[in-house]
file coords.cif (mmCIF, C-alpha atoms)
data_query
#
loop_
_atom_site.label_atom_id
_atom_site.label_comp_id
_atom_site.auth_asym_id
_atom_site.auth_seq_id
_atom_site.Cartn_x
_atom_site.Cartn_y
_atom_site.Cartn_z
CA MET A 303 80.75 5.74 20.05
CA ASN A 304 78.42 5.79 17.07
CA LYS A 305 81.05 6.26 14.36
CA LYS A 306 78.56 6.63 11.51
CA LEU A 307 76.75 9.55 13.15
CA PHE A 308 80.04 11.08 14.23
CA THR A 309 81.28 10.98 10.62
CA LEU A 310 77.99 12.61 9.53
CA SER A 311 78.43 15.41 12.06
CA ILE A 312 81.97 16.08 10.81
CA ALA A 313 80.80 15.97 7.21
CA LEU A 314 78.11 18.55 7.97
CA CYS A 315 80.66 20.72 9.72
CA PHE A 316 83.04 20.74 6.76
CA LEU A 317 80.25 20.97 4.20
CA SER A 318 79.37 24.32 5.74
CA LEU A 319 82.60 25.61 4.14
CA GLN A 320 81.61 24.77 0.57
CA THR A 321 81.39 27.34 -2.21
CA SER A 322 78.38 28.69 -4.07
CA HIS A 323 78.55 30.58 -7.38
CA ALA A 324 75.97 31.99 -9.81
CA GLN A 325 76.65 29.65 -12.75
CA GLU A 326 75.90 26.24 -14.24
CA LYS A 327 77.17 23.41 -12.06
CA PRO A 328 76.70 19.62 -11.85
CA LEU A 329 73.55 18.47 -10.07
CA TRP A 330 75.76 16.45 -7.70
CA GLU A 331 79.43 15.95 -6.91
CA ALA A 332 81.08 13.29 -4.78
CA GLY A 333 84.49 12.95 -3.23
CA PHE A 334 86.40 11.75 -0.22
CA GLY A 335 89.21 13.03 1.95
CA ALA A 336 90.52 13.39 5.46
CA GLY A 337 90.55 15.99 8.20
CA ALA A 338 91.83 16.85 11.65
CA LEU A 339 89.49 18.19 14.31
CA SER A 340 90.02 19.61 17.78
CA LEU A 341 86.92 20.00 19.96
CA PRO A 342 85.73 19.77 23.58
CA ASP A 343 83.41 17.02 24.84
CA TYR A 344 80.73 19.74 25.03
CA ARG A 345 80.76 23.52 25.26
CA GLY A 346 82.27 24.47 28.62
CA SER A 347 84.17 21.21 29.08
CA ASP A 348 87.91 21.20 29.73
CA GLU A 349 88.23 17.75 28.13
CA HIS A 350 89.42 18.06 24.52
CA ASN A 351 89.79 15.61 21.67
CA LEU A 352 92.18 15.69 18.71
CA LEU A 353 90.77 13.48 16.00
CA LEU A 354 91.84 12.36 12.54
CA ILE A 355 88.70 11.60 10.59
CA PRO A 356 87.45 10.61 7.13
CA VAL A 357 85.59 13.43 5.40
CA PRO A 358 83.06 12.62 2.68
CA TYR A 359 82.55 15.44 0.17
CA ILE A 360 78.94 15.50 -1.03
CA ILE A 361 77.23 18.29 -2.97
CA TYR A 362 73.64 18.05 -4.19
CA ARG A 363 71.96 21.00 -5.89
CA GLY A 364 68.31 19.95 -6.14
CA ASP A 365 65.42 22.40 -6.39
CA ARG A 366 64.16 21.68 -2.86
CA PHE A 367 66.75 19.45 -1.20
CA LYS A 368 70.34 20.65 -1.06
CA ILE A 369 73.67 19.71 0.46
CA ASP A 370 76.13 22.60 0.09
CA ARG A 371 77.84 25.34 2.12
CA GLY A 372 74.62 25.77 4.09
CA GLY A 373 74.78 22.14 5.23
CA MET A 374 71.99 19.62 4.59
CA ARG A 375 68.54 21.16 4.20
CA SER A 376 65.22 20.99 2.44
CA ARG A 377 63.46 24.13 1.21
CA LEU A 378 59.79 24.39 2.17
CA PHE A 379 59.25 27.59 0.25
CA GLY A 380 61.36 30.53 -0.78
CA SER A 381 61.91 33.68 -2.79
CA ASP A 382 65.00 35.64 -3.77
CA ARG A 383 65.25 37.20 -0.31
CA ALA A 384 63.49 34.80 2.07
CA LYS A 385 63.61 31.02 2.39
CA LEU A 386 62.07 28.60 4.85
CA GLU A 387 64.10 25.42 5.07
CA ILE A 388 64.43 22.27 7.14
CA SER A 389 67.87 22.28 8.77
CA LEU A 390 69.84 19.45 10.33
CA ASN A 391 72.83 19.15 12.62
CA ALA A 392 74.52 16.42 14.66
CA SER A 393 76.89 16.02 17.63
CA ILE A 394 79.39 13.49 18.91
CA PRO A 395 78.86 11.09 21.83
CA VAL A 396 80.73 11.46 25.13
CA ASP A 397 81.95 8.54 27.24
CA SER A 398 81.50 9.82 30.81
CA ASP A 399 84.24 7.49 32.10
CA ASP A 400 86.70 9.56 30.02
CA ASN A 401 85.47 12.89 31.40
CA SER A 402 86.64 13.75 34.92
CA VAL A 403 83.60 15.80 36.00
CA ARG A 404 81.06 13.38 34.47
CA ARG A 405 82.58 10.14 35.80
CA ALA A 406 79.91 7.63 36.95
CA MET A 407 77.19 9.65 35.18
CA PRO A 408 75.31 8.42 32.11
CA ASP A 409 77.11 8.83 28.79
CA LEU A 410 76.03 11.54 26.38
CA ASP A 411 74.52 9.77 23.38
CA PRO A 412 75.10 10.87 19.80
CA THR A 413 72.42 13.39 18.89
CA PHE A 414 70.91 15.03 15.87
CA GLU A 415 69.04 18.30 15.61
CA ILE A 416 66.18 18.97 13.21
CA GLY A 417 63.82 21.87 12.69
CA PRO A 418 62.84 24.85 10.51
CA ARG A 419 65.18 27.69 9.58
CA LEU A 420 64.14 31.05 8.17
CA ASP A 421 66.88 32.48 5.94
CA LEU A 422 66.62 36.20 5.13
CA LEU A 423 68.98 37.86 2.65
CA LEU A 424 69.74 41.26 4.20
CA THR A 425 72.07 42.68 1.58
CA GLU A 426 74.53 41.80 -1.14
CA VAL A 427 78.15 42.76 -0.52
CA GLY A 428 79.46 43.92 -3.86
CA ASP A 429 79.10 41.23 -6.52
CA GLN A 430 80.83 38.50 -4.53
CA GLY A 431 79.20 38.42 -1.12
CA GLU A 432 75.97 38.16 0.83
CA LEU A 433 74.85 38.96 4.36
CA HIS A 434 72.05 36.76 5.70
CA LEU A 435 70.03 36.63 8.89
CA LYS A 436 69.37 32.98 9.73
CA LEU A 437 66.83 31.88 12.33
CA PRO A 438 67.08 28.12 13.02
CA LEU A 439 64.88 26.45 15.64
CA ARG A 440 65.83 22.80 16.13
CA ALA A 441 64.80 19.93 18.39
CA LEU A 442 67.53 17.81 19.97
CA VAL A 443 66.96 14.06 19.56
CA THR A 444 69.28 11.21 20.57
CA THR A 445 69.96 8.19 18.37
CA GLY A 446 67.59 6.33 20.72
CA LEU A 447 64.88 8.79 19.56
CA ASP A 448 64.60 10.50 22.96
CA TYR A 449 63.57 14.15 22.72
CA GLU A 450 65.99 16.35 24.71
CA GLY A 451 64.72 19.89 24.20
CA TRP A 452 65.11 22.66 21.65
CA LEU A 453 67.71 25.20 20.55
CA PHE A 454 67.29 28.63 18.91
CA HIS A 455 70.39 30.17 17.28
CA PRO A 456 69.71 33.45 15.42
CA ASN A 457 72.85 34.51 13.57
CA LEU A 458 74.27 36.89 11.01
CA ASP A 459 75.99 34.95 8.21
CA LEU A 460 78.46 36.80 5.98
CA TYR A 461 79.83 34.91 2.99
CA LEU A 462 82.45 36.35 0.62
CA ARG A 463 83.37 34.51 -2.59
CA ASN A 464 86.92 34.93 -3.91
CA PHE A 465 87.83 36.88 -0.81
CA TYR A 466 91.55 36.49 -1.57
CA GLU A 467 93.24 34.49 -4.34
CA GLN A 468 90.00 32.53 -4.92
CA TRP A 469 89.65 31.69 -1.23
CA ASN A 470 86.13 31.95 0.17
CA LEU A 471 85.49 33.44 3.62
CA GLY A 472 82.52 32.80 5.90
CA ILE A 473 81.72 34.48 9.22
CA LYS A 474 78.74 33.62 11.44
CA PHE A 475 77.90 35.35 14.72
CA GLY A 476 74.95 35.14 17.06
CA PRO A 477 73.53 34.21 20.48
CA ILE A 478 72.11 30.81 21.40
CA PHE A 479 69.02 30.12 23.50
CA ALA A 480 67.69 26.78 24.68
CA ASP A 481 65.05 25.32 26.96
CA GLU A 482 65.54 23.69 30.36
CA LYS A 483 65.52 20.14 28.98
CA TYR A 484 68.25 20.90 26.43
CA HIS A 485 70.50 22.48 29.07
CA ASN A 486 69.92 19.64 31.52
CA TYR A 487 70.98 17.07 28.91
CA TYR A 488 74.51 18.53 28.96
CA TYR A 489 74.78 20.33 32.31
CA GLY A 490 72.20 18.86 34.69
CA VAL A 491 73.18 16.58 37.61
CA GLU A 492 70.40 14.40 39.01
CA PRO A 493 70.47 13.77 42.79
CA GLN A 494 71.50 10.11 42.43
CA PHE A 495 74.69 11.20 40.61
CA ALA A 496 75.61 13.97 43.07
CA THR A 497 78.88 13.75 45.03
CA THR A 498 80.70 16.03 47.46
CA SER A 499 82.49 17.67 44.52
CA ARG A 500 79.54 17.49 42.11
CA PRO A 501 76.33 18.79 43.72
CA ALA A 502 72.94 18.17 42.16
CA PHE A 503 72.00 20.78 39.58
CA ASP A 504 68.83 21.55 37.65
CA ALA A 505 69.41 23.92 34.74
CA ASP A 506 67.10 26.75 33.70
CA ALA A 507 66.00 27.72 30.21
CA GLY A 508 67.48 30.84 28.65
CA TYR A 509 70.75 32.19 27.34
CA SER A 510 73.18 29.51 26.16
CA GLY A 511 76.17 31.56 24.98
CA THR A 512 77.29 33.37 21.85
CA ALA A 513 79.07 31.69 18.95
CA LEU A 514 81.52 33.11 16.40
CA ILE A 515 82.37 30.80 13.51
CA THR A 516 84.86 31.59 10.75
CA SER A 517 85.70 29.46 7.72
CA LEU A 518 88.01 29.45 4.72
CA SER A 519 87.74 27.21 1.68
CA LYS A 520 89.05 26.89 -1.84
CA ARG A 521 87.97 24.65 -4.70
CA PHE A 522 90.49 23.42 -7.23
CA ASP A 523 89.63 21.39 -10.33
CA LYS A 524 89.69 18.00 -8.60
CA PHE A 525 90.38 18.97 -5.00
CA TRP A 526 88.83 20.99 -2.20
CA ILE A 527 90.44 22.29 0.98
CA GLY A 528 88.78 23.98 3.93
CA ALA A 529 89.29 25.08 7.52
CA PHE A 530 87.10 26.45 10.28
CA ALA A 531 87.34 27.81 13.82
CA ARG A 532 84.55 28.30 16.36
CA TYR A 533 84.62 30.31 19.58
CA ASP A 534 81.79 30.19 22.13
CA ASN A 535 81.55 32.74 24.94
CA LEU A 536 79.64 31.18 27.84
CA GLN A 537 79.78 34.07 30.30
CA GLY A 538 76.39 34.71 31.88
CA VAL A 539 74.73 31.54 30.59
CA SER A 540 71.72 30.24 32.48
CA PHE A 541 73.62 27.08 33.51
CA GLU A 542 76.80 28.83 34.69
CA ASP A 543 76.50 27.30 38.21
CA SER A 544 76.53 23.74 36.90
CA PRO A 545 79.43 21.64 38.30
CA LEU A 546 79.85 20.31 34.75
CA MET A 547 80.65 23.83 33.45
CA GLU A 548 84.43 24.16 33.70
CA ASN A 549 85.25 26.95 31.27
CA GLU A 550 83.48 30.12 30.11
CA HIS A 551 85.31 29.96 26.79
CA SER A 552 85.05 27.14 24.26
CA LEU A 553 87.21 26.64 21.17
CA MET A 554 87.06 24.14 18.36
CA GLY A 555 88.51 24.01 14.88
CA GLY A 556 89.54 21.79 12.03
CA VAL A 557 91.10 21.45 8.60
CA ALA A 558 90.18 19.08 5.80
CA PHE A 559 90.84 18.24 2.18
CA ALA A 560 88.93 16.12 -0.31
CA TRP A 561 89.46 14.65 -3.77
CA ILE A 562 86.40 15.02 -6.03
CA PHE A 563 86.21 11.88 -8.14
CA ALA A 564 82.67 11.90 -9.58
CA LYS A 565 80.05 14.37 -10.74
CA SER A 566 76.73 14.47 -12.54
CA LYS A 567 76.56 15.08 -16.27
CA ARG A 568 73.36 17.03 -15.69
CA MET A 569 74.00 20.73 -15.09
CA VAL A 570 71.77 23.04 -13.03
CA ALA A 571 71.67 26.79 -12.45
CA VAL A 572 73.14 27.73 -9.07
CA GLU A 573 72.18 31.00 -7.36
#

call {"tool": "encode", "arguments": {"input": "coords.cif", "output": "structure tokens"}}
result
Amino acid sequence: MNKKLFTLSIALCFLSLQTSHAQEKPLWEAGFGAGALSLPDYRGSDEHNLLLIPVPYIIYRGDRFKIDRGGMRSRLFGSDRAKLEISLNASIPVDSDDNSVRRAMPDLDPTFEIGPRLDLLLTEVGDQGELHLKLPLRALVTTGLDYEGWLFHPNLDLYLRNFYEQWNLGIKFGPIFADEKYHNYYYGVEPQFATTSRPAFDADAGYSGTALITSLSKRFDKFWIGAFARYDNLQGVSFEDSPLMENEHSLMGGVAFAWIFAKSKRMVAVE
């Protein structure tokens, strides 16, 4: 396993729970903590992992490059209600010898996703919340720099600050679509790897499920704590006949805490 990329993927996951307030804040903050994560090898897999992981806490509030509750991104252009950004994501590797339906198949390499994301502010919810429509289109690339297709995940993103006792709540919901190459990376079975219980399978492009992601977080003076849960409904996906698809429902979640030990003396205005 590529531990460095795995740690990055977890960091991005937990960074998506960070807070954002309209006030002066340090240009950057740094901290470190730990977390526990439960997740399947891939969406639709019955093989699950329970992991204890280090969690770096990194916030950067630059004019064009940011790391915050939206993850890691670079703004190409933007206004008060529309932003075009570069978005990133990452995923964990899978050792096929440890997965019963993938045994004797090639391992799934660590991957990262990169591409543009259009972020549209639909409405403000009182004085403490926002509802966004986010339209990310990302290419899937392995750590060996092999292109493995693209993913489109339009979603509604509701974020409520100080939802309860200074806890912040986030809810994201939307369908996922991907091309044939992307689906085959996870669910395709080439003829040379077919067996009597695992027939060859060539996936189609199209619907890739619907995701619901909820998060809670709270920032204290020197500490931060957060949790998230994600549910994917895979009923009716274009790869539903794959022998590697074991479950139409996918769950993952995690909790984390971090101690913030350093911050910039320079303050910036945060929207």

call {"tool": "residues_around", "arguments": {"input": "coords.cif", "residues": "Tyr344 in chain A", "least_positions_apart": "4", "cutoff": "10 Å", "atoms": "all atoms listed in the file", "output": "JSON, numbers by chain"}}
result
{"A": [348, 349, 350, 393, 394, 395, 396, 410, 488, 489, 546, 547, 552]}

call {"tool": "closest_residue", "arguments": {"input": "coords.cif", "among": "A:Pro456, A:Gly556, A:Pro477, A:Pro501", "to": "Gly538 in chain A", "atoms": "all atoms listed in the file"}}
result
A:Pro477

call {"tool": "atom_distance", "arguments": {"input": "coords.cif", "atom1": "CA of Ser347 in chain A", "atom2": "CA of Ala507 in chain A"}}
result
19.3 Å

call {"tool": "resolve_selection", "arguments": {"input": "coords.cif", "expression": "the PyMOL selection byres ((chain A and resi 409) around 7)", "output": "PyMOL selection string"}}
result
chain A and resi 396-398+407-408+410-411

call {"tool": "atom_distance", "arguments": {"input": "coords.cif", "atom1": "CA of Ile388 in chain A", "atom2": "CA of Ala338 in chain A"}}
result
28.3 Å

call {"tool": "closest_residue", "arguments": {"input": "coords.cif", "among": "A:Leu352, A:Tyr362, A:Val427, A:Thr512", "to": "Arg568 in chain A", "atoms": "all atoms listed in the file"}}
result
A:Tyr362

call {"tool": "resolve_selection", "arguments": {"input": "coords.cif", "expression": "the PyMOL selection byres ((chain A and resi 571) around 9)", "output": "number ranges by chain"}}
result
A: 324-329, 363, 569-570, 572-573

call {"tool": "atom_distance", "arguments": {"input": "coords.cif", "atom1": "CA of Phe475 in chain A", "atom2": "CA of His455 in chain A"}}
result
9.5 Å

call {"tool": "residues_around", "arguments": {"input": "coords.cif", "residues": "Gly490 in chain A", "least_positions_apart": "5", "cutoff": "7 Å", "atoms": "all atoms listed in the file", "output": "list of chain:residue names"}}
result
A:His485, A:Phe503, A:Asp504, A:Ala505, A:Ser544

call {"tool": "write_last_selection", "arguments": {"input": "coords.cif", "atoms": "C-alpha atoms", "output": "PDB file, in the frame of the given file"}}
result
ATOM      1  CA  HIS A 485      70.500  22.480  29.070  1.00  0.00           C
ATOM      2  CA  PHE A 503      72.000  20.780  39.580  1.00  0.00           C
ATOM      3  CA  ASP A 504      68.830  21.550  37.650  1.00  0.00           C
ATOM      4  CA  ALA A 505      69.410  23.920  34.740  1.00  0.00           C
ATOM      5  CA  SER A 544      76.530  23.740  36.900  1.00  0.00           C
TER       6      SER A 544
END

call {"tool": "residues_near_point", "arguments": {"input": "coords.cif", "point": "(88.3, 29.0, 13.5)", "cutoff": "10 Å", "atoms": "all atoms listed in the file", "output": "PDB file with C-alpha atoms, keeping the file's coordinate frame"}}
result
ATOM      1  CA  ILE A 473      81.720  34.480   9.220  1.00  0.00           C
ATOM      2  CA  LEU A 514      81.520  33.110  16.400  1.00  0.00           C
ATOM      3  CA  ILE A 515      82.370  30.800  13.510  1.00  0.00           C
ATOM      4  CA  THR A 516      84.860  31.590  10.750  1.00  0.00           C
ATOM      5  CA  SER A 517      85.700  29.460   7.720  1.00  0.00           C
ATOM      6  CA  LEU A 518      88.010  29.450   4.720  1.00  0.00           C
ATOM      7  CA  ALA A 529      89.290  25.080   7.520  1.00  0.00           C
ATOM      8  CA  PHE A 530      87.100  26.450  10.280  1.00  0.00           C
ATOM      9  CA  ALA A 531      87.340  27.810  13.820  1.00  0.00           C
ATOM     10  CA  ARG A 532      84.550  28.300  16.360  1.00  0.00           C
ATOM     11  CA  TYR A 533      84.620  30.310  19.580  1.00  0.00           C
ATOM     12  CA  LEU A 553      87.210  26.640  21.170  1.00  0.00           C
ATOM     13  CA  MET A 554      87.060  24.140  18.360  1.00  0.00           C
ATOM     14  CA  GLY A 555      88.510  24.010  14.880  1.00  0.00           C
ATOM     15  CA  GLY A 556      89.540  21.790  12.030  1.00  0.00           C
ATOM     16  CA  VAL A 557      91.100  21.450   8.600  1.00  0.00           C
TER      17      VAL A 557
END

call {"tool": "closest_residue", "arguments": {"input": "coords.cif", "among": "A:Gly528, A:Pro545, A:Pro412, A:Pro358", "to": "Ala558 in chain A", "atoms": "all atoms listed in the file"}}
result
A:Gly528

call {"tool": "closest_residue", "arguments": {"input": "coords.cif", "among": "A:Val357, A:Ala384, A:Ala406, A:Ile416", "to": "Tyr449 in chain A", "atoms": "only C-alpha atoms"}}
result
A:Ile416

call {"tool": "resolve_selection", "arguments": {"input": "coords.cif", "expression": "the PyMOL selection byres ((chain A and resi 361) around 7)", "output": "number ranges by chain"}}
result
A: 330-332, 359-360, 362-363, 369-370

call {"tool": "write_last_selection", "arguments": {"input": "coords.cif", "atoms": "C-alpha atoms", "output": "compact mmCIF listing (two decimals), in the coordinates of the input"}}
result
# COMPACT_ATOMS: atom_id res chain seq x y z
CA TRP A 330 75.76 16.45 -7.70
CA GLU A 331 79.43 15.95 -6.91
CA ALA A 332 81.08 13.29 -4.78
CA TYR A 359 82.55 15.44 0.17
CA ILE A 360 78.94 15.50 -1.03
CA TYR A 362 73.64 18.05 -4.19
CA ARG A 363 71.96 21.00 -5.89
CA ILE A 369 73.67 19.71 0.46
CA ASP A 370 76.13 22.60 0.09

call {"tool": "closest_residue", "arguments": {"input": "coords.cif", "among": "A:Phe495, A:Tyr461, A:Phe334, A:Leu341", "to": "Ala564 in chain A", "atoms": "all atoms listed in the file"}}
result
A:Phe334

call {"tool": "closest_residue", "arguments": {"input": "coords.cif", "among": "A:Leu536, A:Leu460, A:Leu433, A:Val443", "to": "Ala513 in chain A", "atoms": "only C-alpha atoms"}}
result
A:Leu536
